[in-house]
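Listing of protein17.csv; format and content: CSV, C-alpha atoms.
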```csv
chain,number,residue,atom,x,y,z
O,1106,MET,CA,10.8,-6.0,2.3
O,1107,PRO,CA,14.5,-5.3,2.1
O,1108,HIS,CA,14.4,-1.5,2.0
O,1109,THR,CA,12.9,0.8,4.6
O,1110,PRO,CA,12.6,4.3,3.1
O,1111,ALA,CA,12.0,7.2,5.4
O,1112,HIS,CA,8.4,7.4,4.1
O,1113,ALA,CA,7.6,3.8,4.8
O,1114,ALA,CA,4.2,2.9,6.2
O,1115,THR,CA,3.7,0.7,9.2
O,1116,ALA,CA,1.0,-2.0,9.2
O,1117,CYS,CA,-0.8,-3.1,12.4
O,1118,THR,CA,-3.9,-5.0,13.2
O,1119,PRO,CA,-6.8,-2.9,14.5
O,1120,GLU,CA,-5.6,-3.9,18.0
O,1121,GLY,CA,-2.2,-2.4,17.3
O,1122,ARG,CA,-0.1,-5.6,16.8
O,1123,PRO,CA,2.5,-5.2,14.0
O,1124,VAL,CA,1.9,-7.2,10.8
O,1125,GLY,CA,4.5,-8.4,8.3
O,1126,ALA,CA,8.0,-7.0,8.3
O,1127,GLY,CA,6.9,-3.9,10.0
O,1128,LYS,CA,7.4,-1.3,7.3
O,1129,GLY,CA,6.6,-1.0,3.7
O,1130,SER,CA,5.1,1.1,0.9
O,1131,SER,CA,1.5,2.2,0.5
O,1132,VAL,CA,1.0,-0.7,-1.9
O,1133,ASP,CA,2.3,-3.1,0.7
O,1134,MET,CA,-0.5,-2.1,3.1
O,1135,TYR,CA,-3.2,-3.1,0.6
O,1136,LEU,CA,-1.5,-6.3,-0.4
O,1137,LEU,CA,-1.2,-7.3,3.3
O,1138,ALA,CA,-4.9,-6.7,3.9
O,1139,LEU,CA,-6.0,-8.5,0.8
O,1140,ALA,CA,-3.6,-11.4,1.0
O,1141,LEU,CA,-4.1,-12.0,4.7
O,1142,GLY,CA,-7.8,-11.3,4.6
O,1143,ARG,CA,-7.4,-9.3,7.8
O,1144,PRO,CA,-7.9,-5.6,8.6
O,1145,ILE,CA,-4.8,-3.5,8.4
O,1146,HIS,CA,-4.3,-0.1,10.2
O,1147,ALA,CA,-1.6,1.7,8.2
O,1148,VAL,CA,0.3,4.6,9.6
O,1149,ALA,CA,2.6,6.7,7.4
O,1150,THR,CA,4.0,10.2,7.2
O,1151,CYS,CA,3.7,12.2,4.0
O,1152,PRO,CA,7.3,12.6,2.7
O,1153,ALA,CA,6.5,16.0,1.2
O,1154,THR,CA,4.6,17.7,4.1
O,1155,GLY,CA,5.2,15.6,7.2
O,1156,THR,CA,1.4,15.2,7.6
O,1157,PRO,CA,0.5,12.0,9.5
O,1158,ILE,CA,-1.6,9.6,7.3
O,1159,THR,CA,-3.7,6.8,8.7
O,1160,VAL,CA,-5.6,4.3,6.6
O,1161,ASP,CA,-7.8,1.4,7.7
O,1162,ILE,CA,-7.9,-1.3,5.0
O,1163,THR,CA,-9.9,-4.5,4.9
O,1164,HIS,CA,-10.3,-7.3,2.4
O,1165,GLU,CA,-13.6,-5.5,1.3
O,1166,GLY,CA,-12.4,-1.9,1.1
O,1167,VAL,CA,-11.0,1.1,2.8
O,1168,LYS,CA,-12.8,2.0,6.0
O,1169,ARG,CA,-11.1,5.1,7.1
O,1170,ILE,CA,-8.7,7.7,5.6
O,1171,ASP,CA,-7.1,10.6,7.4
O,1172,PRO,CA,-6.6,13.0,5.7
O,1173,PRO,CA,-9.4,12.2,3.2
O,1174,THR,CA,-7.3,13.8,0.4
O,1175,ALA,CA,-4.5,11.2,0.8
O,1176,VAL,CA,-3.3,9.4,-2.4
O,1177,VAL,CA,-1.2,6.3,-3.3
O,1178,ALA,CA,1.8,7.0,-5.4
O,1179,ALA,CA,2.1,4.0,-7.8
O,1180,VAL,CA,4.7,3.3,-10.4
O,1181,ASN,CA,4.0,-0.2,-11.7
O,1182,LEU,CA,0.5,-1.7,-11.5
O,1183,ASP,CA,1.2,-4.3,-14.1
O,1184,ALA,CA,3.6,-6.3,-12.0
O,1185,ASP,CA,3.3,-10.1,-11.7
O,1186,LEU,CA,3.1,-10.9,-8.0
O,1187,THR,CA,3.7,-14.6,-8.7
O,1188,LEU,CA,7.4,-13.9,-9.5
O,1189,GLY,CA,8.5,-13.8,-5.8
O,1190,LEU,CA,9.2,-11.3,-3.0
O,1191,ASP,CA,12.4,-9.8,-4.5
O,1192,ARG,CA,10.6,-9.0,-7.8
O,1193,ILE,CA,7.5,-7.7,-5.9
O,1194,ASP,CA,9.7,-5.3,-4.0
O,1195,VAL,CA,11.4,-4.0,-7.1
O,1196,ASP,CA,8.4,-3.9,-9.4
O,1197,VAL,CA,5.6,-2.9,-7.0
O,1198,CYS,CA,6.7,-1.7,-3.6
O,1199,ALA,CA,9.8,0.4,-4.0
O,1200,GLN,CA,9.3,4.1,-3.7
O,1201,GLN,CA,5.5,4.1,-3.6
O,1202,PRO,CA,4.5,6.1,-0.6
O,1203,PHE,CA,1.2,7.6,0.7
O,1204,PHE,CA,1.0,11.4,0.2
O,1205,ALA,CA,-1.3,13.7,2.0
O,1206,SER,CA,-2.7,15.1,-1.3
O,1207,VAL,CA,-2.2,15.3,-5.0
O,1208,GLN,CA,-0.6,18.7,-4.5
O,1209,ALA,CA,1.9,17.2,-1.9
O,1210,ALA,CA,2.8,14.5,-4.4
O,1211,SER,CA,3.6,16.9,-7.3
O,1212,ARG,CA,7.3,16.6,-7.0
O,1213,TRP,CA,7.2,12.8,-6.7
O,1214,LEU,CA,5.1,12.7,-9.9
O,1215,ALA,CA,7.6,15.0,-11.7
O,1216,ASP,CA,10.4,12.5,-10.6
O,1217,HIS,CA,8.3,9.5,-11.7
O,1218,PRO,CA,6.6,10.6,-15.0
O,1219,GLN,CA,5.3,7.0,-15.5
O,1220,GLY,CA,3.7,7.1,-12.1
O,1221,ARG,CA,0.1,7.6,-11.1
O,1222,LEU,CA,-1.5,9.2,-8.1
O,1223,ILE,CA,-4.6,7.3,-7.0
O,1224,PRO,CA,-7.0,8.3,-4.2
O,1225,VAL,CA,-6.6,6.0,-1.3
O,1226,ARG,CA,-10.2,4.6,-1.5
O,1227,SER,CA,-9.9,4.0,-5.3
O,1228,PHE,CA,-6.6,2.1,-5.0
O,1229,HIS,CA,-8.3,-0.8,-3.4
O,1230,ALA,CA,-9.6,-2.0,-6.8
O,1231,GLU,CA,-6.1,-1.7,-8.3
O,1232,ALA,CA,-4.7,-3.8,-5.4
O,1233,ARG,CA,-7.5,-6.3,-5.8
O,1234,ARG,CA,-6.4,-6.7,-9.5
O,1235,LEU,CA,-2.8,-7.4,-8.4
O,1236,VAL,CA,-3.8,-10.0,-5.7
O,1237,ASP,CA,-6.5,-11.9,-7.6
O,1238,PRO,CA,-4.0,-14.0,-9.6
O,1239,LEU,CA,-2.3,-15.0,-6.3
O,1240,GLU,CA,-5.6,-16.0,-4.7
O,1241,ALA,CA,-6.5,-18.1,-7.7
O,1242,THR,CA,-3.4,-20.2,-7.2
O,1243,SER,CA,-3.1,-20.2,-3.4
O,1244,PRO,CA,-5.1,-21.9,-0.6
O,1245,ALA,CA,-7.6,-19.7,1.3
O,1246,PRO,CA,-6.1,-17.7,4.2
O,1247,PRO,CA,-6.8,-19.1,7.7
O,1248,SER,CA,-9.8,-17.7,9.3
O,1249,THR,CA,-9.4,-15.7,12.5
```

Would you mind writing the file's structure down as structure tokens?
Amino acid sequence: MPHTPAHAATACTPEGRPVGAGKGSSVDMYLLALALGRPIHAVATCPATGTPITVDITHEGVKRIDPPTAVVAAVNLDADLTLGLDRIDVDVCAQQPFFASVQAASRWLADHPQGRLIPVRSFHAEARRLVDPLEATSPAPPST
């Protein structure tokens, strides 16, 4: 993605190999796991508290969250991902970090009144809803 905010998450395979462009938003981490059909180990820092956040995401669900109170800050969950990378970045990915907790995200929510805070494990269903239209029009990802 073109921007790299200070709160960007980094995606790696479970073996530690970087995936994708290297940095992205919390939403990006789910989209990578679902679109690639491969496990993603996301590492981020809460922009409010500095708390390290790690999330292991697979095509089937979230396997590990630390801290367990972490949330996804989401602004636009009605974006059409078939419109291209630039639109995805603007409509879905920009400024949507992981936060260590709902309390830590309170200022973000005040600055984004249209936003939502979704528990990390629960966000998988939202991400699935975003990716399903893409999978319906794309060939299956290569098996590894």

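If you look at CA of Val1236 (chain O) and CA of Gly1142 (chain O), they are 11.1 Å away from each other.
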
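Closest approach to Val1225 (chain O) among O:Ala1175, O:Cys1151, O:Val1180, O:Ala1210 is made by O:Ala1175 (distances from only C-alpha atoms).
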
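We find CA of Ser1227 (chain O) and CA of Val1207 (chain O) to be spaced 13.7 Å apart.
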
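Residue neighbourhood of Ile1170 (chain O), excluding near-sequence residues (fewer than 2 positions): O:Thr1159, O:Val1160, O:Pro1172, O:Pro1173, at 6 Å, using all atoms listed in the file.
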
Please dump the current selection as an mmCIF file, keeping the file's coordinate frame; keep C-alpha atoms.
```cif
data_model
loop_
_atom_site.group_PDB
_atom_site.id
_atom_site.type_symbol
_atom_site.label_atom_id
_atom_site.label_comp_id
_atom_site.auth_asym_id
_atom_site.auth_seq_id
_atom_site.Cartn_x
_atom_site.Cartn_y
_atom_site.Cartn_z
ATOM 1 C CA THR O 1159 -3.700 6.800 8.700
ATOM 2 C CA VAL O 1160 -5.600 4.300 6.600
ATOM 3 C CA PRO O 1172 -6.600 13.000 5.700
ATOM 4 C CA PRO O 1173 -9.400 12.200 3.200
#
```

Fill in: Å distance separating CA of Arg1169 (chain O) from CA of Arg1234 (chain O), one decimal place
20.9 Å
